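Colleague: The following file, query12.txt, comprises compact mmCIF, C-alpha atoms:
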# COMPACT_ATOMS: atom_id res chain seq x y z
CA MET A 1 0.00 0.00 0.00
CA LEU A 2 2.82 2.42 0.90
CA LYS A 3 4.54 1.79 -2.43
CA THR A 4 1.26 2.34 -4.30
CA ILE A 5 0.69 5.68 -2.58
CA ALA A 6 4.28 6.70 -3.31
CA VAL A 7 3.86 5.83 -6.99
CA LEU A 8 0.66 7.87 -7.27
CA LEU A 9 2.24 10.89 -5.59
CA TRP A 10 5.31 10.56 -7.76
CA ALA A 11 3.22 10.32 -10.92
CA ALA A 12 1.31 13.47 -10.05
CA ASN A 13 4.61 15.24 -9.38
CA VAL A 14 6.20 14.19 -12.68
CA ALA A 15 3.08 14.80 -14.75
CA ASN A 16 2.92 18.41 -13.58
CA ALA A 17 6.62 19.21 -13.32
CA GLN A 18 8.32 21.99 -15.26
CA TRP A 19 11.12 21.07 -17.65
CA ALA A 20 13.74 23.64 -16.67
CA ASP A 21 16.97 21.80 -17.56
CA ILE A 22 17.02 22.19 -21.36
CA LYS A 23 20.09 22.85 -23.49
CA GLN A 24 21.43 22.65 -27.02
CA ILE A 25 24.18 20.04 -27.33
CA GLY A 26 25.01 20.46 -31.02
CA ARG A 27 23.78 20.70 -34.60
CA ALA A 28 22.36 17.46 -35.99
CA GLY A 29 19.10 15.66 -36.72
CA GLU A 30 17.01 12.51 -36.19
CA PRO A 31 18.19 11.82 -32.62
CA SER A 32 18.09 8.45 -30.87
CA MET A 33 18.64 8.35 -27.11
CA ALA A 34 19.59 5.63 -24.63
CA THR A 35 20.65 5.47 -20.98
CA ASP A 36 22.35 2.61 -19.15
CA SER A 37 21.01 3.61 -15.71
CA ARG A 38 24.59 4.13 -14.52
CA GLY A 39 24.89 7.81 -15.38
CA ASN A 40 25.77 7.36 -19.04
CA VAL A 41 23.39 8.93 -21.55
CA PHE A 42 23.88 8.55 -25.30
CA VAL A 43 22.40 10.51 -28.21
CA GLY A 44 23.09 9.42 -31.77
CA ALA A 45 22.23 11.80 -34.62
CA HIS A 46 22.89 12.47 -38.29
CA LEU A 47 23.87 15.28 -40.68
CA PRO A 48 26.58 15.18 -39.53
CA GLY A 49 27.01 11.68 -38.12
CA SER A 50 27.40 12.18 -34.39
CA LEU A 51 27.46 10.50 -31.01
CA PHE A 52 26.91 12.70 -27.96
CA VAL A 53 27.80 11.11 -24.62
CA SER A 54 27.10 12.24 -21.07
CA ARG A 55 28.87 10.68 -18.09
CA ASP A 56 26.96 12.72 -15.50
CA TRP A 57 23.30 11.76 -15.96
CA GLY A 58 22.71 14.16 -18.84
CA LYS A 59 24.18 17.29 -17.25
CA THR A 60 26.92 17.73 -19.87
CA PHE A 61 27.64 16.07 -23.21
CA GLU A 62 30.75 15.48 -25.30
CA HIS A 63 30.63 15.07 -29.07
CA GLN A 64 32.25 12.38 -31.18
CA ALA A 65 32.09 12.45 -34.99
CA ILE A 66 30.89 9.21 -36.61
CA ASP A 67 31.52 8.49 -40.28
CA GLY A 68 27.96 7.47 -41.10
CA TYR A 69 25.02 8.75 -43.08
CA CYS A 70 21.70 8.61 -41.19
CA ASP A 71 19.22 6.66 -39.01
CA PHE A 72 21.56 6.54 -36.01
CA VAL A 73 20.15 4.19 -33.35
CA THR A 74 21.54 3.88 -29.81
CA HIS A 75 21.08 0.99 -27.38
CA ALA A 76 22.69 0.91 -23.91
CA MET A 77 22.70 -1.72 -21.17
CA PRO A 78 23.67 -1.55 -17.46
CA ASP A 79 26.57 -4.00 -17.88
CA GLY A 80 28.47 -1.62 -20.17
CA ARG A 81 27.30 -2.97 -23.51
CA PHE A 82 26.49 -0.21 -25.97
CA TYR A 83 25.51 -0.34 -29.63
CA LEU A 84 25.39 2.41 -32.25
CA VAL A 85 23.69 1.34 -35.48
CA TYR A 86 23.45 3.50 -38.60
CA MET A 87 23.20 3.59 -42.39
CA VAL A 88 26.44 3.96 -44.31
CA HIS A 89 27.06 6.68 -46.88
CA GLY A 90 25.40 6.02 -50.20
CA ILE A 91 22.56 4.12 -48.49
CA ASP A 92 24.38 0.88 -49.22
CA GLY A 93 24.23 -0.99 -45.95
CA ILE A 94 24.23 -0.85 -42.17
CA SER A 95 27.13 -0.42 -39.76
CA VAL A 96 27.25 -1.40 -36.09
CA LYS A 97 29.63 0.13 -33.57
CA ARG A 98 29.78 -1.86 -30.34
CA SER A 99 31.29 -1.32 -26.92
CA THR A 100 31.67 -3.22 -23.66
CA ASP A 101 32.83 -0.20 -21.64
CA ALA A 102 29.81 2.11 -21.91
CA GLY A 103 30.91 3.65 -25.18
CA LYS A 104 34.41 4.68 -24.10
CA THR A 105 35.84 2.60 -26.94
CA LEU A 106 33.96 1.62 -30.09
CA GLN A 107 34.74 -1.08 -32.61
CA GLY A 108 33.02 -2.61 -35.59
CA GLY A 109 31.83 -1.58 -39.02
CA LYS A 110 29.56 -2.57 -41.87
CA VAL A 111 27.56 -5.72 -41.17
CA LEU A 112 24.89 -5.75 -43.92
CA SER A 113 24.86 -4.50 -47.51
CA GLY A 114 22.14 -3.19 -49.82
CA PRO A 115 19.62 -0.33 -49.98
CA LEU A 116 18.53 -0.97 -46.39
CA ASP A 117 16.56 1.57 -44.37
CA ARG A 118 15.13 2.29 -40.91
CA GLN A 119 17.12 -0.31 -39.01
CA TRP A 120 16.30 -0.83 -35.32
CA ILE A 121 17.63 -3.36 -32.84
CA ALA A 122 16.42 -5.25 -29.79
CA VAL A 123 18.61 -7.31 -27.44
CA HIS A 124 17.20 -10.58 -26.13
CA PRO A 125 17.09 -10.29 -22.31
CA LYS A 126 18.24 -13.87 -21.74
CA THR A 127 20.52 -14.89 -24.62
CA GLY A 128 21.99 -11.48 -25.43
CA HIS A 129 21.41 -12.08 -29.13
CA ILE A 130 20.82 -8.87 -31.08
CA PHE A 131 17.89 -8.76 -33.48
CA MET A 132 17.72 -6.12 -36.18
CA VAL A 133 14.85 -5.24 -38.52
CA TYR A 134 15.09 -3.07 -41.62
CA SER A 135 13.36 -2.52 -44.94
CA HIS A 136 15.04 -3.57 -48.18
CA GLY A 137 14.22 -0.40 -50.10
CA TYR A 138 12.39 2.72 -49.02
CA ILE A 139 10.02 5.49 -50.07
CA GLY A 140 12.01 7.91 -52.22
CA GLY A 141 14.43 5.19 -53.33
CA PRO A 142 14.32 1.58 -54.56
CA ALA A 143 10.94 -0.01 -53.90
CA SER A 144 10.83 -1.95 -50.65
CA LYS A 145 11.04 -5.72 -51.00
CA GLY A 146 9.86 -6.17 -47.43
CA ILE A 147 10.82 -6.01 -43.76
CA PHE A 148 13.64 -8.39 -42.85
CA CYS A 149 15.10 -9.60 -39.57
CA ALA A 150 18.79 -10.30 -38.99
CA VAL A 151 20.41 -11.69 -35.86
CA SER A 152 23.84 -11.42 -34.25
CA GLN A 153 25.04 -14.12 -31.89
CA ASP A 154 28.51 -12.64 -31.38
CA GLY A 155 27.76 -9.35 -29.67
CA GLY A 156 27.12 -7.36 -32.84
CA ALA A 157 30.29 -8.26 -34.74
CA THR A 158 28.33 -10.00 -37.51
CA PHE A 159 24.68 -10.26 -38.51
CA ARG A 160 22.86 -12.91 -40.51
CA GLU A 161 19.52 -12.30 -42.21
CA VAL A 162 17.16 -15.01 -40.99
CA ALA A 163 13.61 -14.09 -41.98
CA ARG A 164 11.20 -11.76 -43.68
CA ALA A 165 8.88 -10.40 -41.01
CA ASP A 166 6.16 -8.66 -43.03
CA ASP A 167 3.37 -10.05 -45.21
CA ALA A 168 2.80 -7.14 -47.60
CA PRO A 169 0.83 -8.19 -50.70
CA SER A 170 2.07 -7.53 -54.21
CA GLY A 171 1.75 -3.88 -55.17
CA GLU A 172 2.21 -2.62 -51.61
CA GLU A 173 5.39 -1.68 -49.77
CA ALA A 174 6.26 -2.42 -46.16
CA VAL A 175 8.42 0.40 -44.78
CA ASP A 176 9.58 2.09 -41.56
CA PRO A 177 9.98 -0.98 -39.31
CA LEU A 178 10.48 -1.06 -35.55
CA ILE A 179 11.42 -3.88 -33.18
CA VAL A 180 11.15 -4.25 -29.39
CA THR A 181 11.36 -7.19 -26.99
CA SER A 182 9.43 -8.19 -23.90
CA THR A 183 11.11 -9.06 -20.62
CA THR A 184 10.82 -12.74 -21.58
CA GLY A 185 12.25 -12.30 -25.06
CA ARG A 186 9.20 -12.15 -27.31
CA LEU A 187 10.01 -9.95 -30.30
CA TYR A 188 7.50 -7.52 -31.75
CA ALA A 189 7.88 -5.89 -35.16
CA MET A 190 5.75 -3.07 -36.53
CA TRP A 191 5.83 -1.35 -39.92
CA GLY A 192 3.85 0.90 -42.23
CA LEU A 193 2.20 -0.04 -45.53
CA SER A 194 2.17 2.23 -48.57
CA LYS A 195 0.35 1.89 -51.88
CA ASP A 196 1.50 5.14 -53.46
CA ARG A 197 5.16 5.47 -52.35
CA ASP A 198 4.22 8.62 -50.48
CA THR A 199 1.74 7.98 -47.68
CA ILE A 200 1.09 5.31 -45.05
CA TYR A 201 -2.36 3.76 -45.25
CA ALA A 202 -1.98 1.09 -42.55
CA TYR A 203 0.19 -0.07 -39.66
CA ARG A 204 0.91 -3.80 -39.39
CA MET A 205 2.64 -5.87 -36.72
CA ALA A 206 3.73 -9.42 -35.96
CA TYR A 207 5.52 -11.24 -33.17
CA SER A 208 8.16 -13.94 -32.92
CA ASP A 209 9.83 -15.94 -30.19
CA ASP A 210 12.99 -16.64 -32.16
CA GLY A 211 13.24 -13.98 -34.89
CA ILE A 212 12.76 -16.62 -37.57
CA ARG A 213 9.08 -17.56 -37.39
CA TRP A 214 6.91 -14.42 -37.45
CA LYS A 215 3.22 -14.86 -36.80
CA GLY A 216 0.11 -13.09 -35.62
CA HIS A 217 0.25 -10.62 -38.52
CA GLN A 218 -2.47 -8.05 -38.10
CA THR A 219 -3.39 -4.47 -38.91
CA VAL A 220 -3.35 -2.36 -35.78
CA ALA A 221 -4.48 0.86 -37.46
CA THR A 222 -5.49 2.34 -40.81
CA SER A 223 -5.40 5.96 -41.94
CA SER A 224 -8.43 8.14 -42.65
CA PRO A 225 -7.86 9.67 -46.11
CA GLN A 226 -11.33 11.22 -46.11
CA PHE A 227 -9.92 13.81 -43.70
CA GLY A 228 -6.80 14.45 -45.77
CA THR A 229 -3.47 12.70 -46.30
CA THR A 230 -0.06 13.22 -44.72
CA GLN A 231 3.35 12.31 -46.13
CA GLU A 232 4.89 9.11 -44.77
CA ARG A 233 7.58 10.81 -42.69
CA TRP A 234 4.89 12.46 -40.55
CA MET A 235 3.17 9.12 -39.94
CA LEU A 236 5.95 7.12 -38.30
CA GLY A 237 4.79 4.90 -35.46
CA CYS A 238 6.33 3.82 -32.16
CA MET A 239 6.19 0.77 -29.87
CA VAL A 240 6.90 0.06 -26.22
CA ALA A 241 6.98 -3.42 -24.66
CA GLN A 242 6.22 -3.58 -20.93
CA GLY A 243 6.76 -6.70 -18.85
CA PRO A 244 6.18 -10.18 -20.25
CA LYS A 245 3.02 -9.56 -22.30
CA ARG A 246 2.08 -5.88 -22.64
CA LEU A 247 2.71 -4.03 -25.89
CA ILE A 248 1.70 -0.44 -26.59
CA VAL A 249 1.70 0.78 -30.20
CA PHE A 250 1.49 4.47 -31.08
CA TYR A 251 0.54 5.91 -34.46
CA SER A 252 -0.84 9.07 -36.09
CA ASP A 253 -3.99 9.77 -38.06
CA LYS A 254 -6.24 12.61 -39.08
CA ALA A 255 -9.63 12.86 -37.42
CA GLU A 256 -12.71 15.03 -37.45
CA LEU A 257 -13.91 16.12 -34.02
CA SER A 258 -17.26 17.69 -33.23
CA ILE A 259 -16.72 20.57 -30.83
CA ASP A 260 -19.44 23.05 -29.92
CA GLY A 261 -21.53 21.49 -32.68
CA ALA A 262 -18.98 22.24 -35.39
CA PRO A 263 -16.58 19.84 -37.18
CA HIS A 264 -12.86 20.38 -36.65
CA ARG A 265 -10.13 18.35 -38.30
CA ALA A 266 -6.97 17.47 -36.40
CA HIS A 267 -3.85 15.34 -36.79
CA LEU A 268 -3.66 13.24 -33.62
CA VAL A 269 -1.57 10.61 -31.88
CA TYR A 270 -3.40 7.39 -31.03
CA TYR A 271 -2.37 4.21 -29.26
CA ARG A 272 -3.58 0.66 -28.69
CA VAL A 273 -2.66 -1.82 -25.96
CA SER A 274 -2.15 -5.57 -26.09
CA ASP A 275 -2.02 -7.49 -22.81
CA ASP A 276 -1.57 -10.95 -24.32
CA GLY A 277 1.74 -10.71 -26.14
CA GLY A 278 0.51 -9.01 -29.30
CA VAL A 279 -2.25 -11.51 -30.06
CA THR A 280 -5.14 -9.07 -29.56
CA PHE A 281 -5.40 -5.33 -28.99
CA GLY A 282 -7.78 -3.07 -27.15
CA PRO A 283 -9.62 -0.20 -28.85
CA PRO A 284 -7.83 2.84 -30.28
CA ARG A 285 -7.36 5.68 -27.80
CA THR A 286 -6.23 9.25 -28.27
CA LEU A 287 -3.04 10.06 -26.42
CA LEU A 288 -4.60 13.15 -24.89
CA PRO A 289 -7.69 13.00 -22.68
CA GLN A 290 -10.89 14.16 -24.37
CA SER A 291 -11.13 17.23 -22.15
CA GLU A 292 -7.69 18.42 -23.22
CA LEU A 293 -8.35 17.65 -26.88
CA GLU A 294 -11.53 19.70 -26.95
CA LYS A 295 -9.80 22.63 -25.28
CA VAL A 296 -6.79 22.74 -27.60
CA VAL A 297 -8.73 22.15 -30.83
CA ARG A 298 -11.08 24.97 -29.89
CA GLN A 299 -8.09 27.14 -29.01
CA TYR A 300 -6.37 26.44 -32.32
CA ALA A 301 -9.54 27.04 -34.34
CA ASP A 302 -9.64 30.61 -33.05
CA LYS A 303 -6.35 31.42 -34.80
CA ALA A 304 -6.18 32.92 -38.30
CA PRO A 305 -5.22 30.46 -41.08
CA GLY A 306 -1.79 30.64 -42.67
CA ARG A 307 0.63 28.71 -44.80
CA GLY A 308 1.62 25.18 -43.80
CA VAL A 309 -0.33 23.14 -41.29
CA ASN A 310 -3.79 24.66 -40.90
CA LEU A 311 -5.19 22.37 -38.26
CA TYR A 312 -4.32 21.34 -34.73
CA ALA A 313 -1.55 18.75 -35.03
CA GLN A 314 0.46 16.35 -32.90
CA ALA A 315 3.51 14.93 -34.66
CA LEU A 316 6.44 12.50 -34.33
CA VAL A 317 5.42 10.65 -31.17
CA TRP A 318 8.03 8.65 -29.23
CA ALA A 319 7.67 6.82 -25.93
CA THR A 320 9.64 5.13 -23.17
CA LEU A 321 9.21 3.41 -19.80
CA ASP A 322 10.79 4.42 -16.52
CA PRO A 323 11.92 1.91 -13.85
CA TYR A 324 8.88 2.65 -11.68
CA GLY A 325 6.23 1.63 -14.21
CA GLY A 326 5.50 5.00 -15.77
CA LEU A 327 4.90 5.20 -19.52
CA HIS A 328 5.99 8.50 -21.07
CA ALA A 329 5.11 9.84 -24.52
CA PHE A 330 6.53 12.92 -26.24
CA PHE A 331 5.26 14.73 -29.33
CA HIS A 332 5.42 18.03 -31.20
CA ASP A 333 2.34 20.23 -30.80
CA ASN A 334 1.06 23.45 -32.40
CA ARG A 335 -1.74 24.39 -29.99
CA GLU A 336 -0.28 27.86 -29.44
CA GLY A 337 -1.39 28.89 -32.90
CA ARG A 338 0.55 30.89 -35.47
CA ALA A 339 2.98 33.74 -35.85
CA PRO A 340 4.28 35.84 -38.77
CA LEU A 341 7.37 34.65 -40.63
CA GLN A 342 8.78 35.82 -43.96
CA ASN A 343 5.65 37.64 -45.14
CA THR A 344 3.33 34.80 -44.23
CA VAL A 345 1.93 33.11 -41.13
CA VAL A 346 3.16 29.74 -39.84
CA ASN A 347 2.73 27.61 -36.75
CA LYS A 348 4.33 27.84 -33.34
CA TRP A 349 5.54 24.37 -32.36
CA HIS A 350 6.76 22.99 -29.05
CA LEU A 351 7.48 19.61 -27.47
CA ARG A 352 5.04 18.12 -24.97
CA HIS A 353 5.10 15.19 -22.54
CA SER A 354 2.29 13.00 -21.27
CA MET A 355 2.44 10.17 -18.74
CA SER A 356 0.40 7.08 -17.90
CA LEU A 357 0.54 4.57 -15.06
CA ASN A 358 -1.99 2.34 -16.82
CA PRO A 359 -2.42 2.89 -20.57
CA ASN A 360 -5.66 0.90 -20.49
CA ARG A 361 -7.08 3.80 -18.49
CA GLY A 362 -5.48 6.59 -20.50
CA PHE A 363 -2.81 9.26 -20.19
CA MET A 364 -2.69 12.29 -17.92
CA LEU A 365 -2.96 15.87 -19.14
CA SER A 366 0.11 16.75 -21.17
CA GLN A 367 2.74 19.27 -20.10
CA ARG A 368 4.92 21.62 -22.10
CA VAL A 369 8.59 20.64 -22.39
CA SER A 370 10.15 23.22 -24.72
CA HIS A 371 9.64 26.84 -25.73
CA ASP A 372 7.82 27.73 -28.94
CA GLN A 373 9.70 27.64 -32.21
CA VAL A 374 8.15 29.52 -35.12
CA CYS A 375 8.66 27.46 -38.28
CA LEU A 376 6.77 25.86 -41.12
CA ARG A 377 7.12 22.36 -39.64
CA PRO A 378 9.25 20.71 -36.93
CA ALA A 379 12.34 18.75 -37.92
CA LEU A 380 11.97 15.18 -39.18
CA ASP A 381 12.09 12.21 -38.75
CA PHE A 382 12.31 11.48 -35.03
CA ILE A 383 12.23 12.82 -31.53
CA THR A 384 13.48 10.51 -28.80
CA CYS A 385 13.32 9.87 -25.07
CA ALA A 386 14.72 7.62 -22.34
CA ALA A 387 14.49 7.17 -18.58
CA ASP A 388 16.58 5.80 -15.73
CA SER A 389 16.22 5.79 -11.95
CA ARG A 390 17.13 9.48 -11.65
CA TYR A 391 15.89 11.32 -14.72
CA LEU A 392 13.46 11.37 -17.58
CA TYR A 393 15.19 12.56 -20.78
CA ALA A 394 14.05 13.85 -24.15
CA ALA A 395 15.93 14.94 -27.27
CA TRP A 396 14.55 16.78 -30.29
CA VAL A 397 15.60 19.14 -33.06
CA GLU A 398 14.55 22.77 -33.45
CA THR A 399 14.66 24.82 -36.66
CA PRO A 400 13.48 28.29 -35.61
CA ASN A 401 12.42 30.69 -38.37
CA SER A 402 12.69 27.98 -41.02
CA MET A 403 10.37 27.75 -44.03
CA ASN A 404 11.74 24.31 -44.94
CA ALA A 405 8.87 21.83 -45.31
CA MET A 406 11.14 18.86 -44.58
CA PRO A 407 14.04 19.90 -42.34
CA PHE A 408 16.32 17.04 -41.33
CA THR A 409 18.85 18.83 -39.14
CA GLY A 410 18.97 21.81 -36.80
CA ASN A 411 19.60 22.68 -33.17
CA LEU A 412 19.84 19.40 -31.26
CA MET A 413 18.16 19.92 -27.89
CA VAL A 414 18.18 17.75 -24.75
CA GLY A 415 15.98 18.12 -21.69
CA ARG A 416 15.91 16.18 -18.45
CA LEU A 417 13.41 16.02 -15.62
CA PRO A 418 14.50 14.69 -12.20
CA LEU A 419 12.56 11.76 -10.81
CA PRO A 420 11.98 11.96 -7.03
CA SER A 421 14.69 10.31 -4.92
CA LEU A 422 11.91 8.77 -2.80
CA MET A 423 11.21 6.39 -5.66
CA ARG A 424 14.80 5.14 -5.72
CA LEU A 425 14.53 4.33 -2.03
CA MET A 426 11.16 2.62 -2.42
CA PHE A 427 12.34 0.50 -5.36
CA GLY A 428 15.91 -0.03 -4.19
CA LEU A 429 17.43 1.61 -7.28
For this file, produce the structure as structure tokens.
Modeller:
Amino acid sequence: MLKTIAVLLWAANVANAQWADIKQIGRAGEPSMATDSRGNVFVGAHLPGSLFVSRDWGKTFEHQAIDGYCDFVTHAMPDGRFYLVYMVHGIDGISVKRSTDAGKTLQGGKVLSGPLDRQWIAVHPKTGHIFMVYSHGYIGGPASKGIFCAVSQDGGATFREVARADDAPSGEEAVDPLIVTSTTGRLYAMWGLSKDRDTIYAYRMAYSDDGIRWKGHQTVATSSPQFGTTQERWMLGCMVAQGPKRLIVFYSDKAELSIDGAPHRAHLVYYRVSDDGGVTFGPPRTLLPQSELEKVVRQYADKAPGRGVNLYAQALVWATLDPYGGLHAFFHDNREGRAPLQNTVVNKWHLRHSMSLNPNRGFMLSQRVSHDQVCLRPALDFITCAADSRYLYAAWVETPNSMNAMPFTGNLMVGRLPLPSLMRLMFGL
């Protein structure tokens, strides 16, 4: 009972806390963040290829140049293992840098060849085998031949492609894969489906207990083109595995909301929850509570229209778990309306955070993380977040005063929010 009360008080504190510790750590894009719960925080980013490392729980960061192209993915573990995975120049394969001393020394290189894209990894909690998914082809390049899974049984030195994970029919392309693992080692893969090489019309997923046999293929969400379409890069999904059987999938879609008797279109983040290892999923839920949605859509509708996004929008969701059971989601938001820029009017964007102790019951009211940035659209393709026993972290890219419709690099920002020390005592962390 005492621990339950402490968790509830802690959740209320975190959900309403102010993000004061925010700083720019460099110039780069598409960040990926990881923490090993021992004070080491890693941020990989591209354009230019970079690894930013903190040895003091995210207080300060040092930069290391990495000779890679894009899609930098970080993965850190408490025993010192660290992996940095990225696409090589020319989009002709994937490289893996690995470390056993928390990133102090890195070794490794190219492990797979071909026009491979959107690689992500998951480490089996029992065997230590590393599973990687990627698409063979991508929107804007060679047509995707599918989502494939490769495995390393030697700590990331080599990878062997073992299976195709998707089931896309002829004429459709599976793109933008993700992979996560449960605490017992079940692997979950999720990807988008495109018919036009421009937009995502559905999100599919499957699960596997060995990375070779993928099953349970199902559509977890479809888009709503009747309310307008959005380019694929703005529709990327996210997954979080919690415990032995829970999986939470996040995705974006346009919707039409009736507020004060009038229709209002919005671009929203949704999620669904599986509590049986990805076999079945509960109903779609909006990330924000209905009361908050109605308020912000009404607020945005009062603003004068301008160039760019002309509806309330949430974009580029990413999520993580903390050691105390909290689920945290971050997203870009334009609820503050518009501002003049270069003889037109564009949106004011900022990063927000929302938390849940039980996603089957919803998320709490969201809180602002960053200041407004006036720009046409926020930087693509990813924001990122991580958590350890002391802090909740987020990293994102800002492009203030930019009229670029697809910015891929800018001011790389990191924020951290302290988690109450009481929780470390209660949980023995």
Colleague: Tell me which of A:Val85, A:Ile212, A:Ala262, A:Leu412 sits closest to Lys23 (chain A), counting all atoms listed in the file.
Modeller: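 Smallest separation from Lys23 (chain A) among the options: A:Leu412.
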Colleague: So which one's closest to Gly228 (chain A), A:Leu311, A:Phe250, A:Ile147, A:Gly278? Using only C-alpha atoms, please.
Modeller: A:Leu311
Colleague: Which of these residues is nearest to Met239 (chain A), using all atoms listed in the file: A:Thr409, A:Asp322, A:Ala313, A:Leu327?
Modeller: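 Using all atoms listed in the file, Met239 (chain A) sits closest to A:Leu327.
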Colleague: For a quick check of your reading of the model, name the residues lying within 9 Å of the coordinate (11.2, 21.8, -45.0), counting only C-alpha atoms, and write them as a PyMOL selection string.
Modeller: chain A and resi 376-380+402-408
Colleague: Would you pick out the contacts of Val269 (chain A) at 8 Å or less, using all atoms listed in the file, so that residues sharing its chain but fewer than 2 positions from it are not included, and give the list as a list of chain:residue names?
Modeller: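 Here the answer would be A:Phe250, A:Tyr251, A:Ser252, A:Asp253, A:His267, A:Tyr271, A:Thr286, A:Leu287, A:Gln314, A:Ala315, A:Val317.
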Colleague: Would you mind reading off the distance between CA of Pro283 (chain A) and CA of Arg298 (chain A), one decimal, in Å?
Modeller: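 Answer for the CA of Pro283 (chain A) to CA of Arg298 (chain A) separation: 25.2 Å.
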Colleague: Can you list, as a list in words, every protein, DNA or RNA residue that comes within 8 Å of Arg285 (chain A) when you count only C-alpha atoms, leaving out same-chain residues fewer than 5 positions away?
Modeller: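 My list of contacting residues is Tyr270, Tyr271, Arg272 and Gly362 of chain A.
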Colleague: I want to know what sits within 12 Å of Gln299 (chain A), based on all atoms listed in the file, with residues of the same chain fewer than 4 positions away left out; could you give that as a short mmCIF file (atom, residue, chain, number, x, y, z; two decimals) with C-alpha atoms, in the coordinates of the input?
Modeller:
data_model
loop_
_atom_site.label_atom_id
_atom_site.label_comp_id
_atom_site.auth_asym_id
_atom_site.auth_seq_id
_atom_site.Cartn_x
_atom_site.Cartn_y
_atom_site.Cartn_z
CA ILE A 259 -16.72 20.57 -30.83
CA HIS A 264 -12.86 20.38 -36.65
CA GLU A 292 -7.69 18.42 -23.22
CA LEU A 293 -8.35 17.65 -26.88
CA GLU A 294 -11.53 19.70 -26.95
CA LYS A 295 -9.80 22.63 -25.28
CA LYS A 303 -6.35 31.42 -34.80
CA ALA A 304 -6.18 32.92 -38.30
CA LEU A 311 -5.19 22.37 -38.26
CA TYR A 312 -4.32 21.34 -34.73
CA ASN A 334 1.06 23.45 -32.40
CA ARG A 335 -1.74 24.39 -29.99
CA GLU A 336 -0.28 27.86 -29.44
CA GLY A 337 -1.39 28.89 -32.90
CA ARG A 338 0.55 30.89 -35.47
#
Colleague: Would you work out the distance separating CA of Glu30 (chain A) from CA of His46 (chain A), expressed in Å to one decimal?
Modeller: 6.2 Å
Colleague: Show which residues sit within 9 Å of Thr127 (chain A), as a PDB file with C-alpha atoms, in the frame of the given file. Count only C-alpha atoms, and ignore same-chain residues fewer than 3 positions away.
Modeller:
ATOM      1  CA  VAL A 123      18.610  -7.310 -27.440  1.00  0.00           C
ATOM      2  CA  HIS A 124      17.200 -10.580 -26.130  1.00  0.00           C
ATOM      3  CA  ILE A 130      20.820  -8.870 -31.080  1.00  0.00           C
ATOM      4  CA  GLN A 153      25.040 -14.120 -31.890  1.00  0.00           C
ATOM      5  CA  GLY A 185      12.250 -12.300 -25.060  1.00  0.00           C
TER       6      GLY A 185
END
Colleague: From the list A:Asp21, A:Gly49, A:Ala241, A:Ser389, which residue is nearest Ala122 (chain A) when using all atoms listed in the file?
Modeller: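 Answer, going by the shortest atom-to-atom distance: A:Ala241.
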Colleague: Counting only C-alpha atoms, what is within 12 Å of Ala168 (chain A), bar same-chain residues fewer than 2 positions away, as a ChimeraX atom specification?
Modeller: /A:135,144-148,164-166,170-175,191-195,202-206,217-219
Colleague: For C-alpha atoms, I'd like the residues from the last selection saved as a compact mmCIF listing (two decimals), keeping the file's coordinate frame.
Modeller:
# COMPACT_ATOMS: atom_id res chain seq x y z
CA SER A 135 13.36 -2.52 -44.94
CA SER A 144 10.83 -1.95 -50.65
CA LYS A 145 11.04 -5.72 -51.00
CA GLY A 146 9.86 -6.17 -47.43
CA ILE A 147 10.82 -6.01 -43.76
CA PHE A 148 13.64 -8.39 -42.85
CA ARG A 164 11.20 -11.76 -43.68
CA ALA A 165 8.88 -10.40 -41.01
CA ASP A 166 6.16 -8.66 -43.03
CA SER A 170 2.07 -7.53 -54.21
CA GLY A 171 1.75 -3.88 -55.17
CA GLU A 172 2.21 -2.62 -51.61
CA GLU A 173 5.39 -1.68 -49.77
CA ALA A 174 6.26 -2.42 -46.16
CA VAL A 175 8.42 0.40 -44.78
CA TRP A 191 5.83 -1.35 -39.92
CA GLY A 192 3.85 0.90 -42.23
CA LEU A 193 2.20 -0.04 -45.53
CA SER A 194 2.17 2.23 -48.57
CA LYS A 195 0.35 1.89 -51.88
CA ALA A 202 -1.98 1.09 -42.55
CA TYR A 203 0.19 -0.07 -39.66
CA ARG A 204 0.91 -3.80 -39.39
CA MET A 205 2.64 -5.87 -36.72
CA ALA A 206 3.73 -9.42 -35.96
CA HIS A 217 0.25 -10.62 -38.52
CA GLN A 218 -2.47 -8.05 -38.10
CA THR A 219 -3.39 -4.47 -38.91
Colleague: So how many Å separate CA of Arg352 (chain A) and CA of Arg265 (chain A), to one decimal?
Modeller: 20.2 Å
Colleague: Out of A:Tyr391, A:Phe363, A:Phe61, A:Phe131, which residue has the shortest atom-to-atom distance to Asp154 (chain A) when counting all atoms listed in the file?
Modeller: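 Among the listed residues, the smallest separation from Asp154 (chain A) belongs to A:Phe131.
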Colleague: Can you find the residues with an atom no farther than 8 Å from (0.4, 9.4, -40.5), counting only C-alpha atoms, and report them as a PyMOL selection string?
Modeller: chain A and resi 199-201+223+229-236+251-254
